[in-house]
Amino acid sequence: MKAYKCKNIRNIAITGHGSSGKTTLAEALIFKSGGSDRMGKVVEGNSICDHDPEEIKRKISLSTSLAYAEWKDTKINIVDTPGQFDFIGGMYEGVRAAETVVIALSAKDGVQVGTIKAYNEVKKQKKACIFVVTKNDEENADFAKTLAGLKSQFGGSVCEFSDRSTLSDLIAETDEELMDKYLDTGEFTDEEFAKGLGIGLAKGEIAPVMAVTAFSGDGIVELLDAIVSSFPAPCDVEGEPLSDGKKMKYDDSAPLSAFVFKTIADPFVGKMSFVKIVAGSMNPKTEPVNSRTGEVERFGKLLALKGKKQEDITEAYAGDIVTITKLNATTGDALCAAGKTAEFEKIEFPVAVFFQAVSAKGKGDEAKISDAIQKILEEDKVLNYVNNSETRQRVIGGLGDQHLGVTVTKMKAKFGVDVELSQPIIAYRETIRKKVSNIEGKHKKQSGGAGQFGVVFMDFEPHSDDELIFEEKVVGGSVPKQFFPAVEKGLRESVEHGALAGYPVVRLKATLVDGKYHPVDSKEIAFVQAAKLAVKAGMKEASPCLLEPILSLKITVGNDNTGDVMGIVNKRRGAVLGTNPVGDGMTEVEAEMPQSETSDFALVILQMTKGLGSFTQKFARYQELPQILEAEVIANAPKHKDED
């Protein structure tokens with residue numbers, strides 16, 4: 001396809017609440033510009049951007065998709081992003097790749113949570129923004145009400161695109177030269193109007209509102225014209241943020257620098273990387289250096305995507321978005337000319353908060369799980385994966401049950417690995433609550449020749465640190481010094497699995513106070529075993545108990561949900577530590593809660609706040625489990641090899 005220079009490129013991300021008409025809007029832009037011969041429909045499974053089999057089945061966007069339209073000698077790269085909250089990571093990718101974000105919202109539903117989340121991300125990344133009100137031909141559609149809702153929610157920068165008078169007032173405030181002209185004449189020429197709107201968009205001081213009806217095409221040509229005339233080109237903005245806080249200007253003539261903002265694991269094509277060229281140009285023979293690895297990248301093809309349709313590119317310049325096959329690079333990597341190093345600011349993705357254990361349905365698939373998950377992790381940077389050696393489970397985390405459900409489906413469809421999800425095992429701990437003294441551990445074994453003999457007497461007591469503390473206070477040589485390491489070895493092996501439920505023992509201090517040995521039969525193995533027997537006996541007498549992991553939570557919700565969240569925390573054996581207003585009608589609740597009470601917390605917050613709330617969690621400490629809950633935990637504890 002034709003190569004476009006930076007000034008003739010526009011990059012837009014289409015965002016918004018689920019079912020707000022984003023993909024249909026992208027379809028209309030492509031169709032109306034002559035980029036397709038028919039207007040596809042999401043409900044019929046034939047839209048350009050929702051081409052994945054699972055997207056067609058569910059009739060929603062599940063990941064970021066690329067397409068483009070050509071209009072008035074300008075290439076418009078379209079990044080279609082998911083609206084469902086479980087897949088919102090795609091929105092973060094899309095906003096990062098674009099200079100202008102189109103926030104779609106339905107004329108019958110008005111401002112929704114997804115509208116607010118998209119706008120917040122636009123402001124955070126300092127991108128231009130335009131609202132496009134869709135579905136104006138549907139029953140109960142009310143553009144005027146929707147416009148009023150946008151103004152109420154987002155303030156004075158919101159203005160109807162067709163209201164040239166109000167829009168001219170806003171444009172005049174963006175530039176001194178335009179202000180002088182407006183004061184003199186009271187109006188702008190079409191060229192001045194387009195220029196001023198572009199300045200206002202780029203500065204984030206104007207957020208126009210346009211009405212379209214995608215299926216009939218009403219308003220689509222006007223939107224295409226506005227994109228070309230007023231949306232900022234990459235070379236019109238400050239530049240791409242770097243890791244050091246500076247920005248790199250988009251420049252066709254500079255040495256190559258490009259940024260990988262999305263990776264797709266395709267079982268047929270191989271890895272596909274969505275790349276934004278920031279400086280210089282690329283062609284199929286380009287061999288960029290990966291700044292992270294220092295290695296030269298030799299890739300497969302340089303492509304322009306239109307949904308699943310691929311077109312070869314002979315040349316692409318700064319500002320353009322391309323797709324590269326078979327790169328070793330991953331999301332966030334910089335591709336640069338030899339001798340030029342750049343590190344771009346990382347995309348901040350939402351943190352995984354909903355965790356499930358993943359296991360193979362068939363015996364032959366166990367070995368394939370890790371490889372399949374690693375490929376999925378390259379594609380979805382929100383996902384979190386841990387192979388927990390303690391619980392012997394693979395645990396995968398996402399934003400909700402739908403997120404993980406789609407991940408499981410992808411693993412089977414793309415990589416032939418059939419897995420199932422279950423509740424993760426919680427890693428409890430064991431400890432003691434009181435001191436016990438002079439506990440005997442005696443190992444005696446005689447089998448024909450030389451035997452094994454070792455006796456220890458030990459004190460056990462609780463202490464504050466998780467690590468085992470071992471001391472010896474033996475007098476008179478009852479246990480020779482050469483056997484002290486064997487005693488400690490026996491202790492350390494014993495605390496790997498406690499006597500209550502087989503969980504690791506923590507906060508234990510053990511002191512060797514006395515013992516017995518035999519000059520012939522005493523060996524290291526005898527004192528290892530004697531120490532183990534002493535621990536087993538001592539734990540039973542020292543009032544053993546279970547400790548449960550406590551998580552520290554930061555929960556951000558609307559002010560009207562704060563009381564409800566605090567109630568849920570208290571009901572789930574948690575504690576509210578404080579609240580902090582964070583602006584825009586939101587409050588952060590700091591709390592602590594047992595891990596066992598958080599398994600569905602992500603779903604509860606999502607439902608309570610209709611998707612607006614979020615939270616992060618991290619391990620805080622271990623705390624004694626209420627005795628009333630011990631029996632159930634012990635009964636369900638995983639078995640260990642030394643117990644089997």
# chains A, B, ... in the order shown; residues from 1 in each chain; ligands from 1
$ select_by_dssp --residues "stretch 365-482 of chain A" --states "alpha helix (DSSP H)" --output "number ranges by chain"
A: 366-379, 401-415
$ write_last_selection --atoms "C-alpha atoms" --output "short mmCIF file (atom, residue, chain, number, x, y, z; two decimals), in the first residue's frame"
data_model
loop_
_atom_site.label_atom_id
_atom_site.label_comp_id
_atom_site.auth_asym_id
_atom_site.auth_seq_id
_atom_site.Cartn_x
_atom_site.Cartn_y
_atom_site.Cartn_z
CA GLU A 366 0.45 -30.79 31.85
CA ALA A 367 3.80 -30.24 30.15
CA LYS A 368 2.23 -27.87 27.59
CA ILE A 369 0.51 -25.55 30.06
CA SER A 370 3.48 -23.34 30.92
CA ASP A 371 4.44 -22.81 27.28
CA ALA A 372 0.86 -21.90 26.30
CA ILE A 373 0.49 -19.53 29.26
CA GLN A 374 3.77 -17.78 28.43
CA LYS A 375 2.51 -17.08 24.90
CA ILE A 376 -0.81 -15.79 26.28
CA LEU A 377 1.09 -13.56 28.75
CA GLU A 378 2.94 -11.94 25.84
CA GLU A 379 -0.42 -11.09 24.32
CA ASP A 401 -14.07 -14.48 35.70
CA GLN A 402 -14.85 -13.53 32.10
CA HIS A 403 -11.24 -12.50 31.54
CA LEU A 404 -9.89 -15.83 32.75
CA GLY A 405 -12.64 -17.74 30.96
CA VAL A 406 -11.62 -16.23 27.62
CA THR A 407 -7.96 -16.93 28.43
CA VAL A 408 -8.76 -20.62 28.94
CA THR A 409 -10.68 -20.71 25.66
CA LYS A 410 -7.74 -19.10 23.84
CA MET A 411 -5.33 -21.66 25.27
CA LYS A 412 -7.39 -24.46 23.76
CA ALA A 413 -8.19 -22.75 20.45
CA LYS A 414 -4.71 -21.36 19.78
CA PHE A 415 -2.39 -23.88 21.39
#
$ closest_residue --among "A:Glu187, A:Glu471, A:Glu440, A:Glu430" --to "A:Val505" --atoms "only C-alpha atoms"
A:Glu430
$ residues_around --residues "A:Ala337" --least-positions-apart "6" --cutoff "12 Å" --atoms "only C-alpha atoms" --output "compact mmCIF listing (two decimals) with N, CA, C and O atoms, in the first residue's frame"
# COMPACT_ATOMS: atom_id res chain seq x y z
N ALA A 254 14.77 11.56 11.26
CA ALA A 254 15.67 11.14 12.34
C ALA A 254 15.98 9.64 12.24
O ALA A 254 15.32 8.90 11.52
N PRO A 255 17.01 9.17 12.95
CA PRO A 255 17.29 7.73 12.98
C PRO A 255 16.10 6.96 13.57
O PRO A 255 15.34 7.49 14.38
N LEU A 256 15.97 5.72 13.17
CA LEU A 256 14.80 4.91 13.56
C LEU A 256 14.67 4.74 15.06
O LEU A 256 15.61 4.41 15.77
N SER A 257 13.46 4.98 15.56
CA SER A 257 13.04 4.58 16.90
C SER A 257 11.57 4.19 16.79
O SER A 257 10.77 4.93 16.22
N ALA A 258 11.22 3.03 17.30
CA ALA A 258 9.84 2.55 17.24
C ALA A 258 9.49 1.86 18.54
O ALA A 258 10.37 1.39 19.28
N ILE A 277 5.89 3.71 14.85
CA ILE A 277 7.16 4.29 14.46
C ILE A 277 7.20 5.74 14.97
O ILE A 277 6.32 6.53 14.64
N VAL A 278 8.19 6.06 15.75
CA VAL A 278 8.30 7.39 16.34
C VAL A 278 9.25 8.27 15.52
O VAL A 278 8.98 9.45 15.30
N ALA A 279 10.34 7.71 15.08
CA ALA A 279 11.31 8.47 14.29
C ALA A 279 11.83 7.60 13.16
O ALA A 279 11.89 6.38 13.28
N GLY A 280 12.21 8.26 12.05
CA GLY A 280 12.79 7.54 10.94
C GLY A 280 11.76 6.78 10.13
O GLY A 280 10.59 7.17 10.04
N SER A 281 12.19 5.67 9.55
CA SER A 281 11.30 4.87 8.70
C SER A 281 11.70 3.40 8.79
O SER A 281 12.79 3.07 9.27
N MET A 282 10.82 2.54 8.30
CA MET A 282 11.08 1.09 8.26
C MET A 282 10.69 0.56 6.91
O MET A 282 9.75 1.05 6.27
N THR A 286 14.72 -3.64 6.94
CA THR A 286 15.24 -2.98 8.14
C THR A 286 15.61 -4.02 9.20
O THR A 286 14.87 -4.98 9.43
N GLU A 287 16.77 -3.83 9.83
CA GLU A 287 17.20 -4.72 10.91
C GLU A 287 17.45 -3.87 12.16
O GLU A 287 18.59 -3.50 12.46
N PRO A 288 16.39 -3.55 12.88
CA PRO A 288 16.55 -2.69 14.06
C PRO A 288 17.21 -3.42 15.21
O PRO A 288 17.23 -4.66 15.26
N VAL A 289 17.71 -2.65 16.14
CA VAL A 289 18.29 -3.20 17.36
C VAL A 289 17.26 -3.06 18.48
O VAL A 289 16.66 -2.00 18.65
N ASN A 290 17.04 -4.14 19.22
CA ASN A 290 16.16 -4.10 20.39
C ASN A 290 16.94 -3.47 21.55
O ASN A 290 17.93 -4.03 22.01
N SER A 291 16.49 -2.31 22.01
CA SER A 291 17.24 -1.59 23.06
C SER A 291 17.32 -2.38 24.35
O SER A 291 18.28 -2.25 25.11
N GLY A 294 19.70 -5.54 23.21
CA GLY A 294 20.92 -5.21 22.47
C GLY A 294 21.11 -6.05 21.22
O GLY A 294 22.12 -5.92 20.52
N GLU A 295 20.13 -6.91 20.92
CA GLU A 295 20.23 -7.80 19.77
C GLU A 295 19.58 -7.20 18.53
O GLU A 295 18.60 -6.46 18.62
N VAL A 296 20.12 -7.56 17.36
CA VAL A 296 19.51 -7.16 16.09
C VAL A 296 18.27 -7.99 15.86
O VAL A 296 18.27 -9.22 16.05
N GLU A 297 17.17 -7.35 15.48
CA GLU A 297 15.91 -8.04 15.22
C GLU A 297 15.74 -8.26 13.71
O GLU A 297 15.71 -7.31 12.93
$ closest_residue --among "A:Val520, A:Ile220, A:Val382, A:Leu327" --to "A:Val275" --atoms "only C-alpha atoms"
A:Leu327
$ atom_distance --atom1 "atom CA of A:Lys536" --atom2 "atom CA of A:Gly515"
16.7 Å
$ select_by_dssp --residues "stretch 9-134 of chain A" --states "strand (DSSP E or B)" --output "PyMOL selection string"
chain A and resi 9-16+65-70+75-80+100-106+128-134
$ residues_around --residues "A:Glu496" --least-positions-apart "3" --cutoff "12 Å" --atoms "only C-alpha atoms" --output "ChimeraX atom specification"
/A:390,429-431,467-468,489-493,499,501-506,508,532,535-536,640-643
$ write_last_selection --atoms "N, CA, C and O atoms" --output "JSON list (two decimals), in the first residue's frame"
[["chain", "number", "residue", "atom", "x", "y", "z"],
["A", 390, "GLU", "N", 5.10, -24.04, 46.57],
["A", 390, "GLU", "CA", 4.61, -24.45, 47.90],
["A", 390, "GLU", "C", 3.28, -25.18, 47.81],
["A", 390, "GLU", "O", 3.09, -26.25, 48.40],
["A", 429, "ARG", "N", 0.28, -20.94, 57.35],
["A", 429, "ARG", "CA", 1.48, -21.24, 58.13],
["A", 429, "ARG", "C", 1.07, -21.82, 59.48],
["A", 429, "ARG", "O", -0.08, -21.68, 59.89],
["A", 430, "GLU", "N", 2.04, -22.45, 60.16],
["A", 430, "GLU", "CA", 1.80, -22.98, 61.50],
["A", 430, "GLU", "C", 2.82, -22.38, 62.47],
["A", 430, "GLU", "O", 3.93, -22.03, 62.06],
["A", 431, "THR", "N", 2.41, -22.25, 63.72],
["A", 431, "THR", "CA", 3.32, -21.76, 64.74],
["A", 431, "THR", "C", 2.87, -22.29, 66.09],
["A", 431, "THR", "O", 1.91, -23.07, 66.17],
["A", 467, "GLU", "N", 11.73, -16.73, 60.42],
["A", 467, "GLU", "CA", 12.83, -17.68, 60.30],
["A", 467, "GLU", "C", 13.04, -18.48, 61.59],
["A", 467, "GLU", "O", 12.92, -17.95, 62.70],
["A", 468, "LEU", "N", 13.38, -19.76, 61.44],
["A", 468, "LEU", "CA", 13.73, -20.60, 62.58],
["A", 468, "LEU", "C", 15.00, -20.09, 63.25],
["A", 468, "LEU", "O", 15.97, -19.75, 62.58],
["A", 489, "LYS", "N", 19.87, -29.45, 61.12],
["A", 489, "LYS", "CA", 19.32, -29.95, 59.86],
["A", 489, "LYS", "C", 17.98, -30.63, 60.09],
["A", 489, "LYS", "O", 17.02, -30.42, 59.33],
["A", 490, "GLY", "N", 17.89, -31.43, 61.14],
["A", 490, "GLY", "CA", 16.62, -32.09, 61.46],
["A", 490, "GLY", "C", 15.52, -31.09, 61.77],
["A", 490, "GLY", "O", 14.37, -31.26, 61.35],
["A", 491, "LEU", "N", 15.89, -30.02, 62.48],
["A", 491, "LEU", "CA", 14.91, -28.98, 62.80],
["A", 491, "LEU", "C", 14.39, -28.31, 61.53],
["A", 491, "LEU", "O", 13.19, -28.12, 61.35],
["A", 492, "ARG", "N", 15.32, -27.94, 60.64],
["A", 492, "ARG", "CA", 14.93, -27.21, 59.42],
["A", 492, "ARG", "C", 14.09, -28.09, 58.49],
["A", 492, "ARG", "O", 13.19, -27.60, 57.82],
["A", 493, "GLU", "N", 14.40, -29.36, 58.45],
["A", 493, "GLU", "CA", 13.56, -30.25, 57.64],
["A", 493, "GLU", "C", 12.17, -30.41, 58.26],
["A", 493, "GLU", "O", 11.17, -30.50, 57.54],
["A", 499, "ALA", "N", 2.84, -30.06, 62.16],
["A", 499, "ALA", "CA", 2.08, -31.21, 62.64],
["A", 499, "ALA", "C", 0.57, -31.04, 62.50],
["A", 499, "ALA", "O", -0.18, -32.01, 62.48],
["A", 501, "ALA", "N", -1.39, -29.30, 59.95],
["A", 501, "ALA", "CA", -1.97, -29.49, 58.61],
["A", 501, "ALA", "C", -0.90, -29.62, 57.54],
["A", 501, "ALA", "O", -1.22, -29.65, 56.35],
["A", 502, "GLY", "N", 0.35, -29.69, 57.95],
["A", 502, "GLY", "CA", 1.42, -29.86, 56.98],
["A", 502, "GLY", "C", 1.93, -28.58, 56.37],
["A", 502, "GLY", "O", 2.71, -28.60, 55.42],
["A", 503, "TYR", "N", 1.52, -27.42, 56.91],
["A", 503, "TYR", "CA", 2.00, -26.14, 56.40],
["A", 503, "TYR", "C", 3.33, -25.80, 57.05],
["A", 503, "TYR", "O", 3.64, -26.27, 58.16],
["A", 504, "PRO", "N", 4.15, -24.95, 56.42],
["A", 504, "PRO", "CA", 5.44, -24.57, 57.01],
["A", 504, "PRO", "C", 5.27, -23.94, 58.40],
["A", 504, "PRO", "O", 4.32, -23.20, 58.65],
["A", 505, "VAL", "N", 6.22, -24.25, 59.28],
["A", 505, "VAL", "CA", 6.21, -23.72, 60.64],
["A", 505, "VAL", "C", 7.09, -22.46, 60.68],
["A", 505, "VAL", "O", 8.21, -22.46, 60.17],
["A", 506, "VAL", "N", 6.57, -21.41, 61.26],
["A", 506, "VAL", "CA", 7.30, -20.15, 61.36],
["A", 506, "VAL", "C", 7.30, -19.68, 62.82],
["A", 506, "VAL", "O", 6.62, -20.24, 63.67],
["A", 508, "LEU", "N", 9.46, -19.83, 65.22],
["A", 508, "LEU", "CA", 9.84, -20.88, 66.17],
["A", 508, "LEU", "C", 11.30, -20.72, 66.57],
["A", 508, "LEU", "O", 12.18, -20.56, 65.72],
["A", 532, "LYS", "N", 13.89, -34.26, 64.63],
["A", 532, "LYS", "CA", 12.57, -34.30, 64.01],
["A", 532, "LYS", "C", 11.51, -34.81, 65.00],
["A", 532, "LYS", "O", 10.40, -34.27, 65.08],
["A", 535, "VAL", "N", 10.69, -32.06, 67.52],
["A", 535, "VAL", "CA", 9.80, -31.03, 66.97],
["A", 535, "VAL", "C", 8.36, -31.53, 66.95],
["A", 535, "VAL", "O", 7.43, -30.81, 67.34],
["A", 536, "LYS", "N", 8.18, -32.75, 66.50],
["A", 536, "LYS", "CA", 6.83, -33.31, 66.41],
["A", 536, "LYS", "C", 6.17, -33.37, 67.78],
["A", 536, "LYS", "O", 4.99, -33.00, 67.94],
["A", 640, "HIS", "N", 1.22, -33.80, 51.65],
["A", 640, "HIS", "CA", 2.61, -33.66, 51.23],
["A", 640, "HIS", "C", 3.24, -35.04, 51.15],
["A", 640, "HIS", "O", 2.76, -36.00, 51.77],
["A", 641, "LYS", "N", 4.32, -35.13, 50.40],
["A", 641, "LYS", "CA", 4.92, -36.44, 50.14],
["A", 641, "LYS", "C", 5.32, -37.17, 51.41],
["A", 641, "LYS", "O", 5.17, -38.38, 51.52],
["A", 642, "ASP", "N", 5.84, -36.41, 52.38],
["A", 642, "ASP", "CA", 6.27, -37.08, 53.60],
["A", 642, "ASP", "C", 5.10, -37.49, 54.48],
["A", 642, "ASP", "O", 5.26, -38.21, 55.45],
["A", 643, "GLU", "N", 3.87, -37.04, 54.10],
["A", 643, "GLU", "CA", 2.69, -37.44, 54.86],
["A", 643, "GLU", "C", 1.99, -38.61, 54.20],
["A", 643, "GLU", "O", 1.25, -39.34, 54.83]]
$ residues_around --residues "stretch 118-129 of chain A" --least-positions-apart "3" --cutoff "8 Å" --atoms "only C-alpha atoms" --output "CSV table (one decimal) with all heavy atoms, in the first residue's frame"
chain,number,residue,atom,x,y,z
A,15,THR,N,-12.7,4.2,21.9
A,15,THR,CA,-12.9,3.6,23.2
A,15,THR,C,-14.4,3.9,23.7
A,15,THR,O,-15.2,4.5,22.9
A,15,THR,CB,-12.0,4.3,24.2
A,15,THR,OG1,-12.3,5.7,24.3
A,15,THR,CG2,-10.5,4.1,23.8
A,16,GLY,N,-14.7,3.4,24.9
A,16,GLY,CA,-16.0,3.7,25.4
A,16,GLY,C,-16.6,2.5,26.2
A,16,GLY,O,-15.9,1.4,26.3
A,91,MET,N,-7.8,-1.0,26.1
A,91,MET,CA,-8.0,0.4,26.0
A,91,MET,C,-6.7,1.1,26.3
A,91,MET,O,-6.3,2.2,25.7
A,91,MET,CB,-9.1,0.9,27.0
A,91,MET,CG,-9.3,2.4,27.0
A,91,MET,SD,-10.4,2.9,28.3
A,91,MET,CE,-9.3,3.0,29.7
A,92,TYR,N,-5.9,0.7,27.3
A,92,TYR,CA,-4.7,1.3,27.7
A,92,TYR,C,-3.7,1.3,26.5
A,92,TYR,O,-3.0,2.2,26.3
A,92,TYR,CB,-4.1,0.7,28.9
A,92,TYR,CG,-4.9,0.9,30.2
A,92,TYR,CD1,-6.1,0.2,30.4
A,92,TYR,CD2,-4.4,1.8,31.1
A,92,TYR,CE1,-6.8,0.5,31.5
A,92,TYR,CE2,-5.2,2.0,32.3
A,92,TYR,CZ,-6.4,1.4,32.5
A,92,TYR,OH,-7.1,1.6,33.6
A,95,VAL,N,-5.1,3.8,23.7
A,95,VAL,CA,-4.9,5.2,24.0
A,95,VAL,C,-3.4,5.6,23.8
A,95,VAL,O,-3.1,6.6,23.3
A,95,VAL,CB,-5.4,5.5,25.4
A,95,VAL,CG1,-5.1,6.9,25.8
A,95,VAL,CG2,-6.9,5.3,25.5
A,96,ARG,N,-2.5,4.7,24.2
A,96,ARG,CA,-1.1,5.0,24.1
A,96,ARG,C,-0.7,5.1,22.7
A,96,ARG,O,0.2,5.9,22.3
A,96,ARG,CB,-0.3,3.9,24.8
A,96,ARG,CG,1.2,4.0,24.7
A,96,ARG,CD,1.7,5.3,25.3
A,96,ARG,NE,3.2,5.4,25.2
A,96,ARG,CZ,4.0,4.9,26.1
A,96,ARG,NH1,3.6,4.3,27.1
A,96,ARG,NH2,5.3,5.1,25.9
A,98,ALA,N,-2.4,6.2,20.1
A,98,ALA,CA,-3.1,7.2,19.3
A,98,ALA,C,-2.7,8.6,19.8
A,98,ALA,O,-2.3,8.8,20.9
A,98,ALA,CB,-4.6,7.0,19.5
A,99,GLU,N,-3.0,9.6,18.9
A,99,GLU,CA,-2.9,11.0,19.3
A,99,GLU,C,-4.2,11.5,19.7
A,99,GLU,O,-4.3,12.4,20.5
A,99,GLU,CB,-2.4,11.8,18.1
A,99,GLU,CG,-0.9,11.8,17.9
A,99,GLU,CD,-0.4,10.4,17.4
A,99,GLU,OE1,-0.9,10.0,16.3
A,99,GLU,OE2,0.4,9.8,18.0
A,100,THR,N,-5.3,10.9,19.1
A,100,THR,CA,-6.7,11.4,19.5
A,100,THR,C,-7.5,10.1,19.9
A,100,THR,O,-7.4,9.1,19.2
A,100,THR,CB,-7.3,12.1,18.3
A,100,THR,OG1,-6.5,13.2,17.8
A,100,THR,CG2,-8.7,12.6,18.6
A,101,VAL,N,-8.2,10.3,20.9
A,101,VAL,CA,-9.1,9.2,21.4
A,101,VAL,C,-10.6,9.6,21.1
A,101,VAL,O,-11.0,10.6,21.5
A,101,VAL,CB,-8.9,9.0,22.9
A,101,VAL,CG1,-9.8,7.8,23.4
A,101,VAL,CG2,-7.4,8.6,23.2
A,102,VAL,N,-11.2,8.7,20.4
A,102,VAL,CA,-12.7,8.9,20.1
A,102,VAL,C,-13.4,8.1,21.1
A,102,VAL,O,-13.3,6.8,21.2
A,102,VAL,CB,-13.0,8.4,18.7
A,102,VAL,CG1,-14.5,8.4,18.4
A,102,VAL,CG2,-12.3,9.2,17.6
A,103,ILE,N,-14.2,8.7,22.0
A,103,ILE,CA,-15.0,8.1,23.0
A,103,ILE,C,-16.4,7.9,22.5
A,103,ILE,O,-17.1,8.9,22.3
A,103,ILE,CB,-14.9,8.8,24.4
A,103,ILE,CG1,-13.5,9.0,24.9
A,103,ILE,CG2,-15.8,8.1,25.4
A,103,ILE,CD1,-13.4,9.7,26.2
A,114,GLY,N,-18.0,3.2,31.5
A,114,GLY,CA,-16.9,3.1,30.5
A,114,GLY,C,-16.5,4.4,29.8
A,114,GLY,O,-15.3,4.6,29.5
A,115,THR,N,-17.5,5.3,29.7
A,115,THR,CA,-17.2,6.7,29.2
A,115,THR,C,-16.2,7.4,30.1
A,115,THR,O,-15.3,8.0,29.7
A,115,THR,CB,-18.5,7.5,29.1
A,115,THR,OG1,-19.6,6.7,28.6
A,115,THR,CG2,-18.3,8.7,28.2
A,201,LEU,N,-7.7,20.7,20.6
A,201,LEU,CA,-7.7,19.2,20.8
A,201,LEU,C,-6.3,18.8,21.4
A,201,LEU,O,-6.3,18.0,22.3
A,201,LEU,CB,-8.0,18.5,19.5
A,201,LEU,CG,-9.4,18.4,19.0
A,201,LEU,CD1,-9.5,18.0,17.6
A,201,LEU,CD2,-10.2,17.5,19.9
A,202,ALA,N,-5.3,19.2,20.7
A,202,ALA,CA,-3.9,18.7,21.1
A,202,ALA,C,-3.6,19.2,22.5
A,202,ALA,O,-3.0,18.4,23.3
A,202,ALA,CB,-2.9,19.3,20.2
A,203,LYS,N,-4.1,20.3,22.9
A,203,LYS,CA,-3.9,20.8,24.3
A,203,LYS,C,-4.8,20.2,25.3
A,203,LYS,O,-4.7,20.4,26.5
A,203,LYS,CB,-4.0,22.3,24.4
A,203,LYS,CG,-2.9,23.1,23.7
A,203,LYS,CD,-3.1,24.6,23.9
A,203,LYS,CE,-1.9,25.4,23.3
A,203,LYS,NZ,-2.1,26.9,23.5
A,204,GLY,N,-5.9,19.5,24.8
A,204,GLY,CA,-6.9,18.9,25.7
A,204,GLY,C,-7.8,20.0,26.3
A,204,GLY,O,-8.5,19.7,27.3
A,206,ILE,N,-10.3,21.4,24.4
A,206,ILE,CA,-11.6,21.3,23.7
A,206,ILE,C,-11.9,19.8,23.5
A,206,ILE,O,-11.0,19.0,23.0
A,206,ILE,CB,-11.6,22.0,22.3
A,206,ILE,CG1,-11.3,23.5,22.4
A,206,ILE,CG2,-12.9,21.8,21.6
A,206,ILE,CD1,-11.1,24.2,21.1
A,207,ALA,N,-13.1,19.4,23.8
A,207,ALA,CA,-13.6,18.0,23.6
A,207,ALA,C,-14.9,18.1,22.9
A,207,ALA,O,-16.0,18.2,23.5
A,207,ALA,CB,-13.8,17.3,25.0
A,208,PRO,N,-14.8,18.1,21.5
A,208,PRO,CA,-16.1,18.3,20.7
A,208,PRO,C,-16.9,17.0,20.8
A,208,PRO,O,-16.5,15.9,21.1
A,208,PRO,CB,-15.5,18.4,19.3
A,208,PRO,CG,-14.1,18.7,19.4
A,208,PRO,CD,-13.6,18.0,20.7
A,231,PHE,N,-7.9,16.8,13.6
A,231,PHE,CA,-7.2,15.9,14.6
A,231,PHE,C,-5.7,16.1,14.4
A,231,PHE,O,-5.2,16.2,13.3
A,231,PHE,CB,-7.6,14.5,14.3
A,231,PHE,CG,-9.0,14.1,14.8
A,231,PHE,CD1,-10.0,15.1,14.9
A,231,PHE,CD2,-9.3,12.8,15.1
A,231,PHE,CE1,-11.2,14.8,15.4
A,231,PHE,CE2,-10.6,12.5,15.5
A,231,PHE,CZ,-11.6,13.4,15.7
A,232,PRO,N,-5.0,16.1,15.5
A,232,PRO,CA,-3.5,16.3,15.4
A,232,PRO,C,-2.8,15.1,14.8
A,232,PRO,O,-3.1,14.0,15.0
A,232,PRO,CB,-3.1,16.5,16.9
A,232,PRO,CG,-4.2,15.8,17.7
A,232,PRO,CD,-5.4,16.1,16.9
$ residues_around --residues "A:Asn46" --least-positions-apart "6" --cutoff "12 Å" --atoms "only C-alpha atoms" --output "list in words"
Thr23, Thr24, Glu27, Ser36, Arg38, Met39, Gly40, Asp52, Pro53, Glu55, Ile56, Lys57, Lys59, Gly307 and Lys308 of chain A
$ atom_distance --atom1 "atom CA of A:Ala233" --atom2 "atom CA of A:His51"
28.1 Å
$ residues_around --residues "A:Phe143" --least-positions-apart "3" --cutoff "9 Å" --atoms "only C-alpha atoms" --output "list in words"
Ser106, Ala107, Lys108, Gly110, Val133, Thr134, Asn136, Thr146, Leu147, Ala148 and Ala211 of chain A
